[in-house]
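Pasted below: my_file_28.pdb, PDB, C-alpha atoms.
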```
ATOM      1  CA  MET A  21     -76.810 177.621  98.724  1.00  0.00           C
ATOM      2  CA  ASN A  22     -77.324 174.253 100.389  1.00  0.00           C
ATOM      3  CA  PHE A  23     -77.298 171.363  97.919  1.00  0.00           C
ATOM      4  CA  SER A  24     -78.048 168.719 100.516  1.00  0.00           C
ATOM      5  CA  LEU A  25     -80.646 166.167  99.538  1.00  0.00           C
ATOM      6  CA  ALA A  26     -83.909 166.010 101.466  1.00  0.00           C
ATOM      7  CA  ARG A  27     -82.957 162.488 102.547  1.00  0.00           C
ATOM      8  CA  HIS A  28     -80.284 159.984 101.764  1.00  0.00           C
ATOM      9  CA  LYS A  29     -80.659 158.302  98.393  1.00  0.00           C
ATOM     10  CA  LYS A  30     -80.042 154.558  98.525  1.00  0.00           C
ATOM     11  CA  VAL A  31     -78.136 153.321  95.491  1.00  0.00           C
ATOM     12  CA  LEU A  32     -77.229 149.762  94.512  1.00  0.00           C
ATOM     13  CA  ILE A  33     -74.598 149.349  91.802  1.00  0.00           C
ATOM     14  CA  LEU A  34     -74.878 146.028  90.056  1.00  0.00           C
ATOM     15  CA  CYS A  35     -72.479 144.096  87.829  1.00  0.00           C
ATOM     16  CA  THR A  36     -71.844 140.467  86.998  1.00  0.00           C
ATOM     17  CA  GLY A  37     -68.890 139.649  89.259  1.00  0.00           C
ATOM     18  CA  ASN A  38     -68.813 142.636  91.643  1.00  0.00           C
ATOM     19  CA  SER A  39     -65.055 142.588  91.205  1.00  0.00           C
ATOM     20  CA  ALA A  40     -64.162 145.757  89.284  1.00  0.00           C
ATOM     21  CA  ARG A  41     -66.698 148.164  87.723  1.00  0.00           C
ATOM     22  CA  SER A  42     -69.310 148.034  90.479  1.00  0.00           C
ATOM     23  CA  GLN A  43     -66.631 148.089  93.184  1.00  0.00           C
ATOM     24  CA  MET A  44     -65.003 151.189  91.689  1.00  0.00           C
ATOM     25  CA  ALA A  45     -68.414 152.836  91.262  1.00  0.00           C
ATOM     26  CA  GLU A  46     -69.295 152.091  94.897  1.00  0.00           C
ATOM     27  CA  GLY A  47     -66.070 153.719  96.078  1.00  0.00           C
ATOM     28  CA  LEU A  48     -66.496 156.718  93.780  1.00  0.00           C
ATOM     29  CA  LEU A  49     -70.104 157.418  94.741  1.00  0.00           C
ATOM     30  CA  ARG A  50     -69.397 156.973  98.436  1.00  0.00           C
ATOM     31  CA  HIS A  51     -66.426 159.364  98.165  1.00  0.00           C
ATOM     32  CA  GLU A  52     -67.950 161.964  95.827  1.00  0.00           C
ATOM     33  CA  GLY A  53     -71.533 161.798  97.088  1.00  0.00           C
ATOM     34  CA  GLY A  54     -70.652 162.068 100.739  1.00  0.00           C
ATOM     35  CA  ASN A  55     -73.494 161.802 103.215  1.00  0.00           C
ATOM     36  CA  ASP A  56     -76.151 162.344 100.548  1.00  0.00           C
ATOM     37  CA  PHE A  57     -75.960 158.730  99.379  1.00  0.00           C
ATOM     38  CA  ILE A  58     -76.033 155.298 100.948  1.00  0.00           C
ATOM     39  CA  VAL A  59     -74.299 153.096  98.407  1.00  0.00           C
ATOM     40  CA  GLU A  60     -73.793 149.368  98.009  1.00  0.00           C
ATOM     41  CA  SER A  61     -72.568 147.204  95.168  1.00  0.00           C
ATOM     42  CA  ALA A  62     -73.338 143.619  94.305  1.00  0.00           C
ATOM     43  CA  GLY A  63     -72.917 141.006  91.614  1.00  0.00           C
ATOM     44  CA  LEU A  64     -74.993 138.338  89.979  1.00  0.00           C
ATOM     45  CA  GLU A  65     -72.023 135.978  90.405  1.00  0.00           C
ATOM     46  CA  PRO A  66     -69.814 137.604  93.077  1.00  0.00           C
ATOM     47  CA  SER A  67     -66.144 136.727  93.128  1.00  0.00           C
ATOM     48  CA  PHE A  68     -63.460 138.989  94.625  1.00  0.00           C
ATOM     49  CA  VAL A  69     -62.328 142.614  94.434  1.00  0.00           C
ATOM     50  CA  ARG A  70     -59.680 142.872  91.738  1.00  0.00           C
ATOM     51  CA  ALA A  71     -56.256 144.145  92.815  1.00  0.00           C
ATOM     52  CA  GLU A  72     -56.168 146.395  89.746  1.00  0.00           C
ATOM     53  CA  ALA A  73     -59.414 148.085  90.849  1.00  0.00           C
ATOM     54  CA  ILE A  74     -57.944 148.726  94.288  1.00  0.00           C
ATOM     55  CA  GLU A  75     -54.755 150.121  92.729  1.00  0.00           C
ATOM     56  CA  VAL A  76     -56.381 152.548  90.272  1.00  0.00           C
ATOM     57  CA  MET A  77     -58.828 153.805  92.896  1.00  0.00           C
ATOM     58  CA  GLY A  78     -55.876 154.416  95.192  1.00  0.00           C
ATOM     59  CA  GLU A  79     -54.454 156.696  92.494  1.00  0.00           C
ATOM     60  CA  LEU A  80     -57.419 158.999  93.246  1.00  0.00           C
ATOM     61  CA  GLY A  81     -56.935 158.699  96.995  1.00  0.00           C
ATOM     62  CA  ILE A  82     -59.943 156.381  97.382  1.00  0.00           C
ATOM     63  CA  ASP A  83     -59.317 153.194  99.364  1.00  0.00           C
ATOM     64  CA  ILE A  84     -61.599 150.318  98.389  1.00  0.00           C
ATOM     65  CA  SER A  85     -59.368 147.613  99.853  1.00  0.00           C
ATOM     66  CA  GLY A  86     -61.892 147.012 102.652  1.00  0.00           C
ATOM     67  CA  GLN A  87     -64.772 146.374 100.262  1.00  0.00           C
ATOM     68  CA  ARG A  88     -65.873 142.827  99.519  1.00  0.00           C
ATOM     69  CA  SER A  89     -67.637 141.159  96.640  1.00  0.00           C
ATOM     70  CA  LYS A  90     -71.307 140.666  97.533  1.00  0.00           C
ATOM     71  CA  SER A  91     -74.217 138.776  96.022  1.00  0.00           C
ATOM     72  CA  LEU A  92     -77.330 140.566  94.799  1.00  0.00           C
ATOM     73  CA  ASP A  93     -79.236 138.123  97.043  1.00  0.00           C
ATOM     74  CA  GLU A  94     -78.024 140.099 100.094  1.00  0.00           C
ATOM     75  CA  PHE A  95     -80.003 143.127  98.924  1.00  0.00           C
ATOM     76  CA  LEU A  96     -83.179 141.770  97.296  1.00  0.00           C
ATOM     77  CA  ALA A  97     -85.347 142.545 100.323  1.00  0.00           C
ATOM     78  CA  GLN A  98     -83.984 146.089 100.722  1.00  0.00           C
ATOM     79  CA  PRO A  99     -85.541 149.138  99.091  1.00  0.00           C
ATOM     80  CA  PHE A 100     -83.302 151.269  96.876  1.00  0.00           C
ATOM     81  CA  ASP A 101     -83.993 154.587  95.197  1.00  0.00           C
ATOM     82  CA  TYR A 102     -81.718 153.638  92.317  1.00  0.00           C
ATOM     83  CA  VAL A 103     -80.198 150.504  90.873  1.00  0.00           C
ATOM     84  CA  ILE A 104     -77.385 151.300  88.467  1.00  0.00           C
ATOM     85  CA  THR A 105     -76.241 148.435  86.265  1.00  0.00           C
ATOM     86  CA  VAL A 106     -72.742 148.914  84.875  1.00  0.00           C
ATOM     87  CA  CYS A 107     -72.634 145.927  82.545  1.00  0.00           C
ATOM     88  CA  ASP A 108     -74.997 144.559  79.917  1.00  0.00           C
ATOM     89  CA  ASN A 109     -75.234 141.125  81.528  1.00  0.00           C
ATOM     90  CA  ALA A 110     -76.405 142.572  84.842  1.00  0.00           C
ATOM     91  CA  ASN A 111     -78.865 144.818  83.034  1.00  0.00           C
ATOM     92  CA  GLN A 112     -80.372 141.861  81.164  1.00  0.00           C
ATOM     93  CA  HIS A 113     -80.575 139.587  84.207  1.00  0.00           C
ATOM     94  CA  CYS A 114     -81.467 142.026  86.960  1.00  0.00           C
ATOM     95  CA  PRO A 115     -84.601 140.776  88.724  1.00  0.00           C
ATOM     96  CA  LEU A 116     -87.781 142.794  88.911  1.00  0.00           C
ATOM     97  CA  LEU A 117     -87.495 145.483  91.526  1.00  0.00           C
ATOM     98  CA  PRO A 118     -90.106 147.484  93.420  1.00  0.00           C
ATOM     99  CA  ALA A 119     -91.782 150.134  91.270  1.00  0.00           C
ATOM    100  CA  ALA A 120     -90.251 152.918  93.366  1.00  0.00           C
ATOM    101  CA  THR A 121     -86.762 151.851  92.263  1.00  0.00           C
ATOM    102  CA  HIS A 122     -85.338 153.820  89.355  1.00  0.00           C
ATOM    103  CA  ARG A 123     -83.150 151.775  87.026  1.00  0.00           C
ATOM    104  CA  ILE A 124     -80.176 153.289  85.247  1.00  0.00           C
ATOM    105  CA  HIS A 125     -77.959 151.353  82.864  1.00  0.00           C
ATOM    106  CA  TRP A 126     -74.425 152.258  81.829  1.00  0.00           C
ATOM    107  CA  SER A 127     -72.614 149.869  79.506  1.00  0.00           C
ATOM    108  CA  ILE A 128     -69.025 150.088  80.776  1.00  0.00           C
ATOM    109  CA  ASP A 129     -66.356 147.926  79.134  1.00  0.00           C
ATOM    110  CA  ASP A 130     -65.107 145.198  81.462  1.00  0.00           C
ATOM    111  CA  PRO A 131     -61.498 145.982  82.389  1.00  0.00           C
ATOM    112  CA  ALA A 132     -61.088 142.497  83.875  1.00  0.00           C
ATOM    113  CA  ALA A 133     -61.533 141.035  80.390  1.00  0.00           C
ATOM    114  CA  VAL A 134     -58.483 142.880  79.050  1.00  0.00           C
ATOM    115  CA  THR A 135     -55.378 140.753  78.598  1.00  0.00           C
ATOM    116  CA  GLY A 136     -51.790 141.813  78.197  1.00  0.00           C
ATOM    117  CA  ASP A 137     -49.076 143.155  80.423  1.00  0.00           C
ATOM    118  CA  GLU A 138     -49.709 144.916  83.707  1.00  0.00           C
ATOM    119  CA  GLN A 139     -49.686 148.420  82.213  1.00  0.00           C
ATOM    120  CA  THR A 140     -52.219 147.427  79.542  1.00  0.00           C
ATOM    121  CA  ARG A 141     -54.535 145.948  82.166  1.00  0.00           C
ATOM    122  CA  LEU A 142     -54.145 148.947  84.497  1.00  0.00           C
ATOM    123  CA  GLN A 143     -54.944 151.306  81.636  1.00  0.00           C
ATOM    124  CA  ALA A 144     -58.203 149.418  81.022  1.00  0.00           C
ATOM    125  CA  PHE A 145     -59.094 149.767  84.708  1.00  0.00           C
ATOM    126  CA  ARG A 146     -58.256 153.488  84.608  1.00  0.00           C
ATOM    127  CA  ALA A 147     -60.481 153.963  81.554  1.00  0.00           C
ATOM    128  CA  ALA A 148     -63.409 152.219  83.288  1.00  0.00           C
ATOM    129  CA  ARG A 149     -62.787 154.194  86.484  1.00  0.00           C
ATOM    130  CA  ASP A 150     -62.685 157.494  84.621  1.00  0.00           C
ATOM    131  CA  GLU A 151     -65.883 156.758  82.694  1.00  0.00           C
ATOM    132  CA  LEU A 152     -67.649 155.776  85.911  1.00  0.00           C
ATOM    133  CA  HIS A 153     -66.350 158.918  87.605  1.00  0.00           C
ATOM    134  CA  GLU A 154     -67.704 161.124  84.827  1.00  0.00           C
ATOM    135  CA  ARG A 155     -71.126 159.452  84.824  1.00  0.00           C
ATOM    136  CA  LEU A 156     -71.397 159.432  88.623  1.00  0.00           C
ATOM    137  CA  SER A 157     -70.449 163.123  88.808  1.00  0.00           C
ATOM    138  CA  LYS A 158     -73.340 163.928  86.465  1.00  0.00           C
ATOM    139  CA  PHE A 159     -75.653 161.665  88.465  1.00  0.00           C
ATOM    140  CA  ILE A 160     -74.696 163.402  91.736  1.00  0.00           C
ATOM    141  CA  GLN A 161     -75.195 166.873  90.256  1.00  0.00           C
ATOM    142  CA  SER A 162     -78.556 165.836  88.831  1.00  0.00           C
ATOM    143  CA  GLU A 163     -79.673 164.560  92.226  1.00  0.00           C
ATOM    144  CA  LYS A 164     -78.471 167.693  93.992  1.00  0.00           C
ATOM    145  CA  ARG A 165     -80.528 169.779  91.598  1.00  0.00           C
ATOM    146  CA  ASN A 166     -83.427 167.385  92.299  1.00  0.00           C
ATOM    147  CA  GLY A 167     -83.766 166.921  88.591  1.00  0.00           C
ATOM    148  CA  PRO A 168     -84.239 163.695  86.716  1.00  0.00           C
ATOM    149  CA  ALA A 169     -81.473 161.143  86.909  1.00  0.00           C
ATOM    150  CA  ILE A 170     -79.444 160.517  83.765  1.00  0.00           C
TER     151      ILE A 170
END
```
Would it be possible to restate this file's structure as structure tokens?
Amino acid sequence: MNFSLARHKKVLILCTGNSARSQMAEGLLRHEGGNDFIVESAGLEPSFVRAEAIEVMGELGIDISGQRSKSLDEFLAQPFDYVITVCDNANQHCPLLPAATHRIHWSIDDPAAVTGDEQTRLQAFRAARDELHERLSKFIQSEKRNGPAI
């Protein structure tokens, strides 16, 4: 049975800083979704890709060290099938998008806001990564079944 999508689905993953959650989600969807998805991530206030995000993604064999923090402004003129917001701030401040764009919101705790020693911070990044991985796996399966997105 061929689960290939009729065409590539374009997905934009949006967060406030485009430094952790959206970067990890971009890497996960690109890795897990393969050629079925064209994926980008952006931030309302882009900064830099967090070293902790790079490290915990590397634990899964996914290298996001070449990704960069990007502004939503880079993508406003592009059509997307889906915009997935992974933080409440981005969800509240996301601009109006074309009607053909499906919006999905996942409220993922910000691992960059966690303080403490290195292991405590890394555990927060792992928790965010694992939650994103679970949600993206369901999203991918839903798309492959051509059912409604979750």
Any chance you could resolve the PyMOL selection byres ((chain A and resi 34) around 12) against this file and give the residues as an NGL selection string?
:A and (31-33 or 35-46 or 59-66 or 89-93 or 95-96 or 102-115 or 123-128)
Convert the output of the PyMOL selection byres ((chain A and resi 28) around 7) on the shown file into explicit residues, formatted as a PyMOL selection string.
chain A and resi 25+27+29-30+56-58
Just write the chosen residues, C-alpha atoms, as a PDB file, in the coordinates of the input.
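Listing of again-v2.pdb after writing:
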```
ATOM      1  CA  LEU A  25     -80.646 166.167  99.538  1.00  0.00           C
ATOM      2  CA  ARG A  27     -82.957 162.488 102.547  1.00  0.00           C
ATOM      3  CA  LYS A  29     -80.659 158.302  98.393  1.00  0.00           C
ATOM      4  CA  LYS A  30     -80.042 154.558  98.525  1.00  0.00           C
ATOM      5  CA  ASP A  56     -76.151 162.344 100.548  1.00  0.00           C
ATOM      6  CA  PHE A  57     -75.960 158.730  99.379  1.00  0.00           C
ATOM      7  CA  ILE A  58     -76.033 155.298 100.948  1.00  0.00           C
TER       8      ILE A  58
END
```
Counting only C-alpha atoms, which residues sit no farther than 9 Å from the position (-59.7, 152.8, 85.1) in the file's frame? I'd like them as a count of residues only.
18
What separation in Å, quoted to one decimal, exists between atom CA of Gly53 of chain A and atom CA of Ser157 of chain A?
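Distance between the two atoms: 8.5 Å.
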Could you tell me how far atom CA of Ala97 of chain A sits from atom CA of His153 of chain A, in Å to one decimal place?
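Answer for the atom CA of His153 of chain A to atom CA of Ala97 of chain A separation: 28.1 Å.
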Quick check, in Å to one decimal: how far apart do atom CA of Phe68 of chain A and atom CA of Gln87 of chain A lie?
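The value is 9.4 Å.
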Have a look at A:Ala132, A:Gly47, A:Ser67, A:Gly54 and name the one nearest to Ile84 of chain A; count only C-alpha atoms.
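Residue with the minimum atom-to-atom distance to Ile84 of chain A: A:Gly47.
Here the PyMOL selection byres ((chain A and resi 160) around 10) matches the residues Leu49, Glu52, Gly53, Gly54, Asp56, Phe57, Arg155, Leu156, Ser157, Lys158, Phe159, Gln161, Ser162, Glu163, Lys164, Arg165, Asn166, Ala169 and Ile170 of chain A.
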Skipping near chain neighbours, those fewer than 2 positions away, what residues fall within 8 Å of segment 78-83 of chain A using all atoms listed in the file, listed as a VMD selection string?
chain A and resid 47 to 48 51 74 to 76 85 to 86
Centre and edge lengths, as JSON, for the axis-aligned box enclosing every listed atom of segment 44-63 of chain A with 5 Å of padding on each of the six sides, in Å to one decimal?
```
{"center_x": -70.6, "center_y": 151.7, "center_z": 97.2, "size_x": 21.1, "size_y": 31.3, "size_z": 22.0}
```
Pull segment 75-104 of chain A out of the block and emit N, CA and C atoms, as an mmCIF file, in the first residue's frame.
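In the end it all went to out.cif:
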```
data_model
loop_
_atom_site.group_PDB
_atom_site.id
_atom_site.type_symbol
_atom_site.label_atom_id
_atom_site.label_comp_id
_atom_site.auth_asym_id
_atom_site.auth_seq_id
_atom_site.Cartn_x
_atom_site.Cartn_y
_atom_site.Cartn_z
ATOM 1 N N GLU A 75 21.525 19.515 20.680
ATOM 2 C CA GLU A 75 22.015 18.332 21.398
ATOM 3 C C GLU A 75 20.941 17.251 21.532
ATOM 4 N N VAL A 76 19.734 17.628 21.960
ATOM 5 C CA VAL A 76 18.709 16.594 22.182
ATOM 6 C C VAL A 76 18.180 16.022 20.864
ATOM 7 N N MET A 77 18.218 16.800 19.805
ATOM 8 C CA MET A 77 17.837 16.255 18.498
ATOM 9 C C MET A 77 18.905 15.279 18.014
ATOM 10 N N GLY A 78 20.158 15.591 18.301
ATOM 11 C CA GLY A 78 21.242 14.684 17.952
ATOM 12 C C GLY A 78 21.112 13.334 18.631
ATOM 13 N N GLU A 79 20.498 13.314 19.814
ATOM 14 C CA GLU A 79 20.258 12.046 20.517
ATOM 15 C C GLU A 79 19.349 11.123 19.706
ATOM 16 N N LEU A 80 18.543 11.684 18.821
ATOM 17 C CA LEU A 80 17.666 10.893 17.947
ATOM 18 C C LEU A 80 18.285 10.672 16.571
ATOM 19 N N GLY A 81 19.502 11.156 16.388
ATOM 20 C CA GLY A 81 20.164 11.024 15.096
ATOM 21 C C GLY A 81 19.704 12.057 14.079
ATOM 22 N N ILE A 82 19.126 13.161 14.557
ATOM 23 C CA ILE A 82 18.652 14.228 13.677
ATOM 24 C C ILE A 82 19.533 15.452 13.900
ATOM 25 N N ASP A 83 20.205 15.886 12.835
ATOM 26 C CA ASP A 83 21.127 17.020 12.926
ATOM 27 C C ASP A 83 20.425 18.307 12.501
ATOM 28 N N ILE A 84 20.205 19.200 13.462
ATOM 29 C CA ILE A 84 19.610 20.498 13.125
ATOM 30 C C ILE A 84 20.636 21.625 13.249
ATOM 31 N N SER A 85 21.899 21.267 13.331
ATOM 32 C CA SER A 85 22.936 22.288 13.534
ATOM 33 C C SER A 85 23.049 23.244 12.349
ATOM 34 N N GLY A 86 22.569 22.849 11.176
ATOM 35 C CA GLY A 86 22.625 23.722 10.011
ATOM 36 C C GLY A 86 21.407 24.621 9.866
ATOM 37 N N GLN A 87 20.426 24.443 10.736
ATOM 38 C CA GLN A 87 19.234 25.293 10.677
ATOM 39 C C GLN A 87 19.547 26.654 11.277
ATOM 40 N N ARG A 88 18.774 27.661 10.863
ATOM 41 C CA ARG A 88 18.968 29.000 11.405
ATOM 42 C C ARG A 88 17.629 29.552 11.855
ATOM 43 N N SER A 89 17.688 30.491 12.764
ATOM 44 C CA SER A 89 16.487 31.158 13.242
ATOM 45 C C SER A 89 16.026 32.143 12.180
ATOM 46 N N LYS A 90 14.735 32.051 11.808
ATOM 47 C CA LYS A 90 14.207 32.873 10.719
ATOM 48 C C LYS A 90 12.986 33.664 11.188
ATOM 49 N N SER A 91 12.774 34.794 10.562
ATOM 50 C CA SER A 91 11.623 35.635 10.865
ATOM 51 C C SER A 91 10.404 35.179 10.062
ATOM 52 N N LEU A 92 9.238 35.291 10.673
ATOM 53 C CA LEU A 92 7.989 35.006 9.975
ATOM 54 C C LEU A 92 7.881 35.853 8.706
ATOM 55 N N ASP A 93 8.453 37.055 8.737
ATOM 56 C CA ASP A 93 8.391 37.961 7.578
ATOM 57 C C ASP A 93 8.927 37.313 6.300
ATOM 58 N N GLU A 94 9.875 36.373 6.428
ATOM 59 C CA GLU A 94 10.441 35.702 5.259
ATOM 60 C C GLU A 94 9.409 34.848 4.526
ATOM 61 N N PHE A 95 8.320 34.497 5.218
ATOM 62 C CA PHE A 95 7.380 33.523 4.669
ATOM 63 C C PHE A 95 5.971 34.061 4.435
ATOM 64 N N LEU A 96 5.726 35.339 4.763
ATOM 65 C CA LEU A 96 4.372 35.873 4.678
ATOM 66 C C LEU A 96 3.773 35.817 3.275
ATOM 67 N N ALA A 97 4.584 35.915 2.258
ATOM 68 C CA ALA A 97 4.075 35.894 0.887
ATOM 69 C C ALA A 97 3.953 34.480 0.317
ATOM 70 N N GLN A 98 4.393 33.472 1.078
ATOM 71 C CA GLN A 98 4.363 32.099 0.580
ATOM 72 C C GLN A 98 3.099 31.377 1.039
ATOM 73 N N PRO A 99 2.534 30.549 0.166
ATOM 74 C CA PRO A 99 1.382 29.756 0.590
ATOM 75 C C PRO A 99 1.834 28.509 1.372
ATOM 76 N N PHE A 100 1.095 28.194 2.414
ATOM 77 C CA PHE A 100 1.348 26.981 3.190
ATOM 78 C C PHE A 100 0.043 26.226 3.345
ATOM 79 N N ASP A 101 0.129 24.899 3.357
ATOM 80 C CA ASP A 101 -1.050 24.091 3.629
ATOM 81 C C ASP A 101 -1.396 24.145 5.112
ATOM 82 N N TYR A 102 -0.354 24.167 5.938
ATOM 83 C CA TYR A 102 -0.540 24.198 7.383
ATOM 84 C C TYR A 102 0.409 25.192 8.029
ATOM 85 N N VAL A 103 -0.078 25.878 9.042
ATOM 86 C CA VAL A 103 0.771 26.622 9.957
ATOM 87 C C VAL A 103 0.503 26.014 11.328
ATOM 88 N N ILE A 104 1.568 25.507 11.936
ATOM 89 C CA ILE A 104 1.467 24.907 13.260
ATOM 90 C C ILE A 104 2.158 25.836 14.240
#
```
